[in-house]
>>> print(open('query.txt').read())   # compact mmCIF, C-alpha atoms and all ligand atoms
# COMPACT_ATOMS: atom_id res chain seq x y z
CA MET A 152 10.72 21.12 4.99
CA ILE A 153 10.57 22.07 1.35
CA VAL A 154 7.92 21.30 -1.26
CA ILE A 155 8.92 20.37 -4.79
CA LYS A 156 6.39 20.12 -7.58
CA SER A 157 8.38 19.43 -10.71
CA PRO A 158 9.94 16.01 -11.43
CA SER A 159 13.06 17.57 -12.93
CA ARG A 160 13.58 19.73 -9.82
CA MET A 161 13.11 16.64 -7.67
CA LEU A 162 15.75 14.77 -9.65
CA GLU A 163 18.09 17.76 -9.37
CA ALA A 164 17.60 18.00 -5.60
CA ALA A 165 18.09 14.25 -5.08
CA SER A 166 21.22 14.26 -7.21
CA ARG A 167 22.64 17.25 -5.33
CA LEU A 168 22.04 15.48 -2.02
CA LYS A 169 23.43 12.15 -3.12
CA ASP A 170 26.30 12.72 -5.48
CA PRO A 171 28.56 15.30 -3.90
CA GLY A 172 26.95 15.05 -0.43
CA GLY A 173 26.68 11.28 -0.14
CA LYS A 174 23.41 11.58 1.80
CA SER A 175 21.08 8.62 2.10
CA ILE A 176 17.47 9.13 1.04
CA GLY A 177 14.50 7.36 2.63
CA PHE A 178 11.36 7.56 0.50
CA VAL A 179 7.68 7.22 1.41
CA PRO A 180 5.31 7.28 -1.59
CA THR A 181 1.70 8.16 -0.69
CA MET A 182 -1.53 9.43 -2.19
CA GLY A 183 -1.90 11.86 0.71
CA SER A 184 -4.77 12.41 3.11
CA LEU A 185 -2.18 11.31 5.61
CA HIS A 186 -2.93 9.17 8.66
CA GLU A 187 -0.83 7.36 11.25
CA GLY A 188 -0.16 4.50 8.82
CA HIS A 189 1.64 6.86 6.42
CA LEU A 190 3.32 8.71 9.27
CA SER A 191 4.68 5.50 10.80
CA LEU A 192 6.53 4.93 7.53
CA ALA A 193 7.88 8.50 7.56
CA ARG A 194 9.07 8.17 11.15
CA ARG A 195 10.91 4.95 10.40
CA ALA A 196 12.47 6.60 7.33
CA ARG A 197 13.53 9.51 9.57
CA LYS A 198 15.39 7.11 11.88
CA GLU A 199 17.21 5.29 9.11
CA ASN A 200 18.21 7.98 6.61
CA ASP A 201 19.85 11.40 6.30
CA ILE A 202 17.01 12.78 4.18
CA VAL A 203 13.33 11.81 4.08
CA VAL A 204 11.28 12.40 0.94
CA MET A 205 7.53 11.84 0.88
CA SER A 206 5.56 11.99 -2.35
CA ILE A 207 1.92 13.02 -2.31
CA PHE A 208 0.19 12.27 -5.59
CA VAL A 209 -3.23 10.79 -6.30
CA ASN A 210 -2.25 8.69 -9.28
CA PRO A 211 -5.01 8.54 -11.91
CA SER A 212 -3.47 5.61 -13.78
CA GLN A 213 -4.10 3.20 -10.90
CA PHE A 214 -7.86 3.90 -10.70
CA GLY A 215 -10.38 2.10 -12.89
CA PRO A 216 -12.95 4.16 -14.87
CA ASN A 217 -15.69 3.54 -12.27
CA GLU A 218 -13.50 3.94 -9.21
CA ASP A 219 -13.07 6.81 -6.77
CA TYR A 220 -10.28 8.88 -8.38
CA LYS A 221 -12.36 12.08 -8.42
CA LYS A 222 -13.66 11.82 -4.89
CA TYR A 223 -10.47 10.39 -3.34
CA PRO A 224 -9.82 12.54 -0.22
CA ARG A 225 -7.27 15.32 -0.72
CA ASP A 226 -5.87 17.59 1.99
CA ILE A 227 -2.52 18.93 0.85
CA ARG A 228 -2.36 21.65 3.51
CA GLY A 229 -3.00 19.28 6.41
CA ASP A 230 -0.66 16.73 4.82
CA LYS A 231 2.24 19.18 4.70
CA ARG A 232 1.79 19.97 8.39
CA LYS A 233 1.69 16.28 9.36
CA ALA A 234 4.63 15.40 7.13
CA GLU A 235 6.78 18.13 8.64
CA LEU A 236 5.94 16.96 12.18
CA ALA A 237 6.91 13.40 11.23
CA GLY A 238 10.33 14.64 10.13
CA VAL A 239 9.93 14.74 6.35
CA ASP A 240 12.51 17.00 4.64
CA ILE A 241 11.04 17.13 1.15
CA VAL A 242 7.43 16.75 0.05
CA PHE A 243 7.25 15.94 -3.65
CA SER A 244 3.73 16.78 -4.84
CA PRO A 245 3.61 17.03 -8.63
CA GLY A 246 0.50 17.80 -10.66
CA VAL A 247 -1.07 15.23 -12.98
CA ARG A 248 0.19 16.97 -16.13
CA GLN A 249 3.74 17.03 -14.75
CA ILE A 250 3.67 13.25 -14.32
CA TYR A 251 1.59 12.39 -17.39
CA PRO A 252 2.09 15.14 -19.97
CA GLU A 253 0.08 15.15 -23.19
CA GLY A 254 1.07 12.12 -25.26
CA TYR A 255 2.50 10.14 -22.33
CA GLY A 256 2.85 6.50 -23.38
CA SER A 257 5.23 4.43 -21.23
CA PHE A 258 4.01 1.92 -18.66
CA VAL A 259 5.61 -0.71 -16.45
CA ASP A 260 3.93 -4.09 -16.13
CA VAL A 261 5.04 -6.94 -13.87
CA LYS A 262 4.13 -10.49 -14.89
CA GLU A 263 1.59 -12.72 -13.07
CA LEU A 264 1.36 -11.24 -9.56
CA PRO A 265 -0.83 -8.31 -10.69
CA GLY A 266 -3.52 -10.57 -12.20
CA ILE A 267 -4.71 -12.11 -8.93
CA MET A 268 -6.34 -10.95 -5.68
CA CYS A 269 -6.76 -7.15 -5.89
CA GLY A 270 -5.56 -7.22 -9.50
CA ALA A 271 -8.38 -9.58 -10.51
CA SER A 272 -11.06 -7.12 -9.41
CA ARG A 273 -9.07 -4.00 -10.35
CA PRO A 274 -7.68 -4.70 -13.84
CA GLY A 275 -4.78 -2.40 -14.68
CA HIS A 276 -4.43 -1.20 -11.10
CA PHE A 277 -0.95 -2.58 -10.50
CA LYS A 278 0.27 -1.43 -13.91
CA GLY A 279 -0.63 2.09 -12.78
CA VAL A 280 1.04 1.53 -9.41
CA CYS A 281 4.25 0.18 -10.98
CA THR A 282 4.36 3.00 -13.52
CA ILE A 283 3.98 5.80 -11.00
CA CYS A 284 6.41 4.18 -8.55
CA ALA A 285 9.02 3.63 -11.28
CA LYS A 286 8.75 7.31 -12.20
CA LEU A 287 8.93 8.40 -8.56
CA PHE A 288 11.88 6.11 -7.83
CA TYR A 289 13.72 7.54 -10.83
CA VAL A 290 13.51 11.15 -9.66
CA VAL A 291 13.74 10.59 -5.88
CA ARG A 292 16.69 8.16 -6.10
CA PRO A 293 15.97 6.46 -2.75
CA ASP A 294 18.30 4.20 -0.77
CA ILE A 295 15.31 2.70 0.99
CA ALA A 296 11.61 2.98 0.06
CA TYR A 297 9.01 2.26 2.74
CA PHE A 298 5.65 0.53 2.19
CA GLY A 299 2.88 -0.72 4.47
CA GLN A 300 1.92 -4.36 4.90
CA LYS A 301 -1.72 -3.31 4.53
CA ASP A 302 -1.11 -3.19 0.77
CA TYR A 303 0.84 -6.42 0.81
CA GLN A 304 0.35 -7.38 -2.83
CA GLN A 305 1.46 -3.91 -3.93
CA ALA A 306 4.63 -4.11 -1.82
CA LEU A 307 5.43 -7.57 -3.20
CA ILE A 308 4.91 -6.50 -6.82
CA LEU A 309 7.07 -3.40 -6.34
CA THR A 310 9.78 -5.50 -4.70
CA ARG A 311 9.75 -7.67 -7.83
CA MET A 312 9.86 -4.62 -10.11
CA VAL A 313 12.81 -3.09 -8.25
CA LYS A 314 14.68 -6.39 -8.49
CA ASP A 315 13.78 -7.07 -12.13
CA LEU A 316 14.74 -3.57 -13.25
CA ASP A 317 17.98 -3.49 -11.21
CA MET A 318 16.87 -0.32 -9.49
CA GLY A 319 19.41 -1.01 -6.77
CA PHE A 320 17.69 0.10 -3.59
CA LYS A 321 15.90 -1.64 -0.76
CA ILE A 322 12.16 -1.91 -0.11
CA LYS A 323 11.04 -2.23 3.50
CA ILE A 324 7.55 -3.42 4.41
CA LEU A 325 6.32 -2.13 7.78
CA PRO A 326 3.39 -3.31 9.93
CA THR A 327 -0.19 -2.18 9.45
CA ILE A 328 -1.33 0.54 11.83
CA ARG A 329 -4.86 0.04 13.13
CA GLU A 330 -7.62 1.81 14.97
CA LYS A 331 -8.43 0.57 18.48
CA SER A 332 -11.18 -1.59 16.95
CA GLY A 333 -8.57 -3.33 14.79
CA LEU A 334 -9.73 -1.64 11.57
CA ALA A 335 -6.67 -0.91 9.41
CA LEU A 336 -6.19 2.82 8.91
CA SER A 337 -6.95 3.87 5.35
CA SER A 338 -7.69 7.16 3.64
CA ARG A 339 -10.84 5.46 2.34
CA ASN A 340 -12.16 4.96 5.90
CA GLN A 341 -13.33 8.58 5.57
CA TYR A 342 -16.06 7.37 3.22
CA LEU A 343 -17.61 5.22 5.98
CA THR A 344 -20.54 6.24 8.16
CA CYS A 345 -20.21 5.58 11.91
CA ALA A 346 -22.29 2.41 11.61
CA GLN A 347 -20.21 1.18 8.66
CA ARG A 348 -16.98 1.89 10.50
CA GLU A 349 -18.18 -0.20 13.42
CA LYS A 350 -19.06 -3.05 11.08
CA ALA A 351 -15.69 -2.78 9.36
CA ALA A 352 -13.94 -3.98 12.53
CA VAL A 353 -15.14 -7.49 11.56
CA ILE A 354 -12.50 -7.58 8.81
CA TYR A 355 -9.57 -7.78 11.22
CA GLU A 356 -11.56 -9.83 13.76
CA SER A 357 -12.17 -12.46 11.11
CA LEU A 358 -8.50 -12.41 10.04
CA LYS A 359 -7.52 -13.05 13.65
CA ILE A 360 -9.99 -15.94 13.90
CA GLY A 361 -8.50 -17.41 10.72
CA LYS A 362 -5.01 -17.08 12.16
CA ALA A 363 -6.09 -18.65 15.46
CA LEU A 364 -7.57 -21.64 13.60
CA ILE A 365 -4.33 -22.19 11.67
CA ASP A 366 -2.21 -21.67 14.78
CA ALA A 367 -4.34 -24.31 16.49
CA GLY A 368 -3.41 -26.80 13.76
CA CYS A 369 -6.08 -26.46 11.06
CA LYS A 370 -4.38 -27.15 7.72
CA ASN A 371 -7.40 -26.98 5.46
CA THR A 372 -7.66 -23.58 3.75
CA GLY A 373 -11.26 -24.30 2.67
CA ARG A 374 -12.28 -24.65 6.29
CA VAL A 375 -10.46 -21.52 7.38
CA LYS A 376 -11.99 -19.52 4.53
CA ALA A 377 -15.48 -20.81 5.39
CA VAL A 378 -15.14 -19.65 8.99
CA VAL A 379 -13.78 -16.24 7.94
CA ARG A 380 -16.51 -15.87 5.30
CA ARG A 381 -19.26 -16.77 7.76
CA MET A 382 -17.99 -14.24 10.26
CA ILE A 383 -17.86 -11.41 7.71
CA LYS A 384 -21.29 -12.30 6.35
CA SER A 385 -22.72 -12.08 9.87
CA LYS A 386 -22.52 -8.29 9.41
CA LEU A 387 -25.23 -7.15 7.02
CA GLY A 388 -24.16 -4.80 4.28
CA ILE A 389 -20.67 -6.19 3.73
CA LYS A 390 -19.96 -7.83 0.40
CA ILE A 391 -16.90 -10.03 0.05
CA ASP A 392 -14.69 -9.37 -2.97
CA TYR A 393 -12.19 -12.12 -2.11
CA ILE A 394 -10.75 -14.15 0.73
CA SER A 395 -7.39 -15.64 -0.23
CA ILE A 396 -4.97 -17.84 1.65
CA VAL A 397 -1.69 -17.69 -0.22
CA ASP A 398 2.02 -18.32 -0.07
CA PRO A 399 3.36 -14.94 1.11
CA TYR A 400 6.26 -14.96 -1.36
CA THR A 401 4.50 -16.10 -4.56
CA LEU A 402 0.85 -15.26 -3.71
CA ARG A 403 -0.10 -18.72 -5.01
CA GLU A 404 -3.31 -20.05 -3.46
CA GLU A 405 -2.61 -22.81 -0.95
CA LYS A 406 -4.91 -25.83 -0.50
CA ASN A 407 -3.12 -27.19 2.52
CA ILE A 408 -1.26 -25.12 5.04
CA ASN A 409 2.20 -26.50 5.70
CA SER A 410 4.20 -23.36 6.30
CA LYS A 411 3.73 -19.65 6.47
CA VAL A 412 0.68 -18.16 4.71
CA LEU A 413 -0.95 -14.81 4.15
CA ILE A 414 -4.69 -14.48 4.69
CA ALA A 415 -5.87 -11.53 2.60
CA ILE A 416 -9.35 -10.06 2.37
CA ALA A 417 -11.09 -7.43 0.27
CA VAL A 418 -14.66 -6.37 0.99
CA PHE A 419 -17.13 -3.72 -0.05
CA ILE A 420 -18.95 -1.83 2.66
CA GLY A 421 -21.52 0.08 0.69
CA LYS A 422 -19.43 1.38 -2.21
CA THR A 423 -16.21 1.52 -0.21
CA ARG A 424 -13.67 -1.19 -0.94
CA LEU A 425 -11.41 -2.07 1.99
CA ILE A 426 -8.52 -4.53 2.19
CA ASP A 427 -6.56 -6.12 5.00
CA ASN A 428 -4.34 -9.14 5.61
CA ILE A 429 -2.51 -11.10 8.26
CA LEU A 430 0.62 -13.24 8.12
CA VAL A 431 0.39 -16.63 9.79
CA GLY A 432 3.20 -19.02 10.65
CA HIS A 433 6.08 -19.28 12.98
CA ASN A 434 9.16 -18.71 10.85
CA SER A 435 8.03 -15.22 9.97
CA ARG A 436 10.49 -13.42 7.74
CA ARG A 437 8.44 -10.23 7.95
P1 LIG A 501 -1.69 5.19 0.05
O1 LIG A 501 -1.62 6.64 0.34
O2 LIG A 501 -2.96 4.55 0.49
O3 LIG A 501 -1.30 4.86 -1.36
O4 LIG A 501 -0.57 4.50 0.96
C1 LIG A 501 0.75 4.93 0.93
C2 LIG A 501 1.59 3.97 1.74
O5 LIG A 501 1.11 3.92 3.07
C3 LIG A 501 1.54 2.53 1.20
O6 LIG A 501 2.81 1.94 1.33
C4 LIG A 501 0.55 1.88 2.14
O7 LIG A 501 0.73 0.49 2.25
C5 LIG A 501 0.88 2.57 3.43
N1 LIG A 501 -0.24 2.46 4.37
C6 LIG A 501 -1.54 2.76 4.12
N2 LIG A 501 -2.30 2.46 5.20
C7 LIG A 501 -1.46 1.96 6.13
C8 LIG A 501 -1.63 1.46 7.46
N3 LIG A 501 -2.83 1.41 8.05
N4 LIG A 501 -0.54 1.04 8.13
C9 LIG A 501 0.69 1.08 7.53
N5 LIG A 501 0.91 1.53 6.29
C10 LIG A 501 -0.14 1.96 5.60
>>> encode(input="query.txt", output="structure tokens", more="lines below")
Ligand code: AMP
Amino acid sequence: MIVIKSPSRMLEAASRLKDPGGKSIGFVPTMGSLHEGHLSLARRARKENDIVVMSIFVNPSQFGPNEDYKKYPRDIRGDKRKAELAGVDIVFSPGVRQIYPEGYGSFVDVKELPGIMCGASRPGHFKGVCTICAKLFYVVRPDIAYFGQKDYQQALILTRMVKDLDMGFKIKILPTIREKSGLALSSRNQYLTCAQREKAAVIYESLKIGKALIDAGCKNTGRVKAVVRRMIKSKLGIKIDYISIVDPYTLREEKNINSKVLIAIAVFIGKTRLIDNILVGHNSRR
């Protein structure tokens, strides 16, 4: 495994692999502090491509001024070890100044989808995500990029960006990896105390209850949300940011459930913001 730090070197390496060599590149963008969720993406990329590139970069432009950019967990040494074991060939880990040099001024913004759900409580977040991913995609030149369903809205927005900008590669969205309790793995779980971590299991439990209600024939999103909300509120110390039941392709809020939907939740446990979601409906395309 090799480590590349400069974007121009990354572009050079990708071009050398692709143009004369004709190798396919699978790409896994991450912010590091790797866990099994990230590694599941790397392993799938390993199976489906000649070369696997993983980026590790805590992207300042996707954090709000009062968010956790400074204290976001970083463990580049451990990450390199884990990435190598998962079959990654190239770790791309640039520094902030290499990505955003003095005077940097170009951003990518997708219409509509970023203003709702996570975007409503994190203004500018998806603009930062789209900008960093566009830059990474440009230098890594992937054939397939891999994202987790846990960050469903992010994956959908990036799919739109790749299509709109004719970037010409495929995005694959892979299932959420969970702890035994059902809690979705997240680098931010490290912020939780033991008691908070136990409480956090209610997020997925309540998503499953919501799904069971819909599977049993409930078509009223208000009712499903009320049950999910009540269940989450039964755990003291959890504040709900949003509970949304949306069309999984447009993220439009649904009043009545007639086909497939996504139930998505964001909560605060103490100061830690956690998200999760579940797809409901029989003709699942994902
Ligand atoms: P992050 O480092 O949090 O920006 O995540 C990098 C990638 O890993 C994104 O595509 C995430 O959706 C994905 N990811 C994060 N947590 C999980 C998880 N528990 N299961 C599957 N994928 C995940």
>>> atom_distance(input="query.txt", atom1="CA of Gly333 in chain A", atom2="CA of Tyr355 in chain A")
5.8 Å
>>> atom_distance(input="query.txt", atom1="CA of Glu330 in chain A", atom2="CA of Val412 in chain A")
23.9 Å
>>> residues_near_point(input="query.txt", point="(-12.6, -9.9, -3.3)", cutoff="6 Å", atoms="only C-alpha atoms", output="list of chain:residue names")
A:Ile391, A:Asp392, A:Tyr393, A:Ala417, A:Val418
>>> residues_near_ligand(input="query.txt", ligand="ligand LIG 501 (chain A)", cutoff="10 Å", atoms="only C-alpha atoms and all ligand atoms", output="short mmCIF file (atom, residue, chain, number, x, y, z; two decimals) with C-alpha atoms, keeping the file's coordinate frame")
data_model
loop_
_atom_site.label_atom_id
_atom_site.label_comp_id
_atom_site.auth_asym_id
_atom_site.auth_seq_id
_atom_site.Cartn_x
_atom_site.Cartn_y
_atom_site.Cartn_z
CA VAL A 179 7.68 7.22 1.41
CA PRO A 180 5.31 7.28 -1.59
CA THR A 181 1.70 8.16 -0.69
CA MET A 182 -1.53 9.43 -2.19
CA GLY A 183 -1.90 11.86 0.71
CA SER A 184 -4.77 12.41 3.11
CA LEU A 185 -2.18 11.31 5.61
CA HIS A 186 -2.93 9.17 8.66
CA GLU A 187 -0.83 7.36 11.25
CA GLY A 188 -0.16 4.50 8.82
CA HIS A 189 1.64 6.86 6.42
CA LEU A 190 3.32 8.71 9.27
CA SER A 191 4.68 5.50 10.80
CA LEU A 192 6.53 4.93 7.53
CA ALA A 193 7.88 8.50 7.56
CA MET A 205 7.53 11.84 0.88
CA SER A 206 5.56 11.99 -2.35
CA ILE A 207 1.92 13.02 -2.31
CA PHE A 208 0.19 12.27 -5.59
CA VAL A 209 -3.23 10.79 -6.30
CA ASN A 210 -2.25 8.69 -9.28
CA VAL A 280 1.04 1.53 -9.41
CA ALA A 296 11.61 2.98 0.06
CA TYR A 297 9.01 2.26 2.74
CA PHE A 298 5.65 0.53 2.19
CA GLY A 299 2.88 -0.72 4.47
CA GLN A 300 1.92 -4.36 4.90
CA LYS A 301 -1.72 -3.31 4.53
CA ASP A 302 -1.11 -3.19 0.77
CA TYR A 303 0.84 -6.42 0.81
CA GLN A 304 0.35 -7.38 -2.83
CA GLN A 305 1.46 -3.91 -3.93
CA ALA A 306 4.63 -4.11 -1.82
CA LYS A 323 11.04 -2.23 3.50
CA ILE A 324 7.55 -3.42 4.41
CA LEU A 325 6.32 -2.13 7.78
CA PRO A 326 3.39 -3.31 9.93
CA THR A 327 -0.19 -2.18 9.45
CA ILE A 328 -1.33 0.54 11.83
CA ARG A 329 -4.86 0.04 13.13
CA GLU A 330 -7.62 1.81 14.97
CA LEU A 334 -9.73 -1.64 11.57
CA ALA A 335 -6.67 -0.91 9.41
CA LEU A 336 -6.19 2.82 8.91
CA SER A 337 -6.95 3.87 5.35
CA SER A 338 -7.69 7.16 3.64
CA ARG A 339 -10.84 5.46 2.34
CA ILE A 426 -8.52 -4.53 2.19
CA ASP A 427 -6.56 -6.12 5.00
#
>>> residues_around(input="query.txt", residues="range 367-374 of chain A", least_positions_apart="4", cutoff="8 Å", atoms="all atoms listed in the file", output="list of chain:residue names")
A:Ala363, A:Val378, A:Ile396, A:Glu405, A:Lys406, A:Asn407, A:Ile408, A:Asn409
>>> atom_distance(input="query.txt", atom1="CA of Ala165 in chain A", atom2="CA of Gly254 in chain A")
26.5 Å
>>> residues_around(input="query.txt", residues="Asp219 in chain A", least_positions_apart="2", cutoff="12 Å", atoms="all atoms listed in the file", output="JSON, numbers by chain")
{"A": [209, 210, 211, 212, 213, 214, 215, 216, 217, 221, 222, 223, 224, 225, 338, 339, 342, 422, 423, 424]}
>>> write_last_selection(input="query.txt", atoms="C-alpha atoms", output="PDB file, keeping the file's coordinate frame")
ATOM      1  CA  VAL A 209      -3.230  10.790  -6.300  1.00  0.00           C
ATOM      2  CA  ASN A 210      -2.250   8.690  -9.280  1.00  0.00           C
ATOM      3  CA  PRO A 211      -5.010   8.540 -11.910  1.00  0.00           C
ATOM      4  CA  SER A 212      -3.470   5.610 -13.780  1.00  0.00           C
ATOM      5  CA  GLN A 213      -4.100   3.200 -10.900  1.00  0.00           C
ATOM      6  CA  PHE A 214      -7.860   3.900 -10.700  1.00  0.00           C
ATOM      7  CA  GLY A 215     -10.380   2.100 -12.890  1.00  0.00           C
ATOM      8  CA  PRO A 216     -12.950   4.160 -14.870  1.00  0.00           C
ATOM      9  CA  ASN A 217     -15.690   3.540 -12.270  1.00  0.00           C
ATOM     10  CA  LYS A 221     -12.360  12.080  -8.420  1.00  0.00           C
ATOM     11  CA  LYS A 222     -13.660  11.820  -4.890  1.00  0.00           C
ATOM     12  CA  TYR A 223     -10.470  10.390  -3.340  1.00  0.00           C
ATOM     13  CA  PRO A 224      -9.820  12.540  -0.220  1.00  0.00           C
ATOM     14  CA  ARG A 225      -7.270  15.320  -0.720  1.00  0.00           C
ATOM     15  CA  SER A 338      -7.690   7.160   3.640  1.00  0.00           C
ATOM     16  CA  ARG A 339     -10.840   5.460   2.340  1.00  0.00           C
ATOM     17  CA  TYR A 342     -16.060   7.370   3.220  1.00  0.00           C
ATOM     18  CA  LYS A 422     -19.430   1.380  -2.210  1.00  0.00           C
ATOM     19  CA  THR A 423     -16.210   1.520  -0.210  1.00  0.00           C
ATOM     20  CA  ARG A 424     -13.670  -1.190  -0.940  1.00  0.00           C
TER      21      ARG A 424
END
>>> build_atoms(input="query.txt", residues="range 252-264 of chain A", atoms="N, CA, C and O atoms", output="PDB file, keeping the file's coordinate frame")
ATOM      1  N   PRO A 252       2.338  14.067 -19.005  1.00  0.00           N
ATOM      2  CA  PRO A 252       2.090  15.140 -19.970  1.00  0.00           C
ATOM      3  C   PRO A 252       1.352  14.596 -21.201  1.00  0.00           C
ATOM      4  O   PRO A 252       1.320  13.387 -21.433  1.00  0.00           O
ATOM      5  N   GLU A 253       0.770  15.487 -21.934  1.00  0.00           N
ATOM      6  CA  GLU A 253       0.080  15.150 -23.190  1.00  0.00           C
ATOM      7  C   GLU A 253       0.942  14.157 -23.989  1.00  0.00           C
ATOM      8  O   GLU A 253       2.149  14.402 -24.175  1.00  0.00           O
ATOM      9  N   GLY A 254       0.345  13.072 -24.418  1.00  0.00           N
ATOM     10  CA  GLY A 254       1.070  12.120 -25.260  1.00  0.00           C
ATOM     11  C   GLY A 254       1.887  11.103 -24.474  1.00  0.00           C
ATOM     12  O   GLY A 254       2.607  10.294 -25.052  1.00  0.00           O
ATOM     13  N   TYR A 255       1.747  11.099 -23.157  1.00  0.00           N
ATOM     14  CA  TYR A 255       2.500  10.140 -22.330  1.00  0.00           C
ATOM     15  C   TYR A 255       2.159   8.716 -22.758  1.00  0.00           C
ATOM     16  O   TYR A 255       0.988   8.388 -22.943  1.00  0.00           O
ATOM     17  N   GLY A 256       3.173   7.840 -22.866  1.00  0.00           N
ATOM     18  CA  GLY A 256       2.850   6.500 -23.380  1.00  0.00           C
ATOM     19  C   GLY A 256       3.687   5.354 -22.847  1.00  0.00           C
ATOM     20  O   GLY A 256       3.699   4.284 -23.454  1.00  0.00           O
ATOM     21  N   SER A 257       4.379   5.527 -21.724  1.00  0.00           N
ATOM     22  CA  SER A 257       5.230   4.430 -21.230  1.00  0.00           C
ATOM     23  C   SER A 257       4.691   3.884 -19.905  1.00  0.00           C
ATOM     24  O   SER A 257       4.411   4.648 -18.978  1.00  0.00           O
ATOM     25  N   PHE A 258       4.563   2.552 -19.862  1.00  0.00           N
ATOM     26  CA  PHE A 258       4.010   1.920 -18.660  1.00  0.00           C
ATOM     27  C   PHE A 258       4.874   0.737 -18.250  1.00  0.00           C
ATOM     28  O   PHE A 258       5.555   0.139 -19.077  1.00  0.00           O
ATOM     29  N   VAL A 259       4.832   0.410 -16.963  1.00  0.00           N
ATOM     30  CA  VAL A 259       5.610  -0.710 -16.450  1.00  0.00           C
ATOM     31  C   VAL A 259       4.630  -1.786 -15.985  1.00  0.00           C
ATOM     32  O   VAL A 259       3.708  -1.501 -15.223  1.00  0.00           O
ATOM     33  N   ASP A 260       4.841  -2.996 -16.467  1.00  0.00           N
ATOM     34  CA  ASP A 260       3.930  -4.090 -16.130  1.00  0.00           C
ATOM     35  C   ASP A 260       4.743  -5.258 -15.593  1.00  0.00           C
ATOM     36  O   ASP A 260       5.698  -5.692 -16.230  1.00  0.00           O
ATOM     37  N   VAL A 261       4.371  -5.759 -14.435  1.00  0.00           N
ATOM     38  CA  VAL A 261       5.040  -6.940 -13.870  1.00  0.00           C
ATOM     39  C   VAL A 261       4.180  -8.153 -14.206  1.00  0.00           C
ATOM     40  O   VAL A 261       2.951  -8.069 -14.247  1.00  0.00           O
ATOM     41  N   LYS A 262       4.848  -9.283 -14.466  1.00  0.00           N
ATOM     42  CA  LYS A 262       4.130 -10.490 -14.890  1.00  0.00           C
ATOM     43  C   LYS A 262       3.423 -11.179 -13.706  1.00  0.00           C
ATOM     44  O   LYS A 262       3.929 -11.139 -12.597  1.00  0.00           O
ATOM     45  N   GLU A 263       2.311 -11.798 -13.970  1.00  0.00           N
ATOM     46  CA  GLU A 263       1.590 -12.720 -13.070  1.00  0.00           C
ATOM     47  C   GLU A 263       1.004 -12.108 -11.794  1.00  0.00           C
ATOM     48  O   GLU A 263      -0.196 -12.034 -11.650  1.00  0.00           O
ATOM     49  N   LEU A 264       1.874 -11.675 -10.866  1.00  0.00           N
ATOM     50  CA  LEU A 264       1.360 -11.240  -9.560  1.00  0.00           C
ATOM     51  C   LEU A 264       0.222 -10.202  -9.653  1.00  0.00           C
ATOM     52  O   LEU A 264      -0.684 -10.223  -8.825  1.00  0.00           O
TER      53      LEU A 264
END
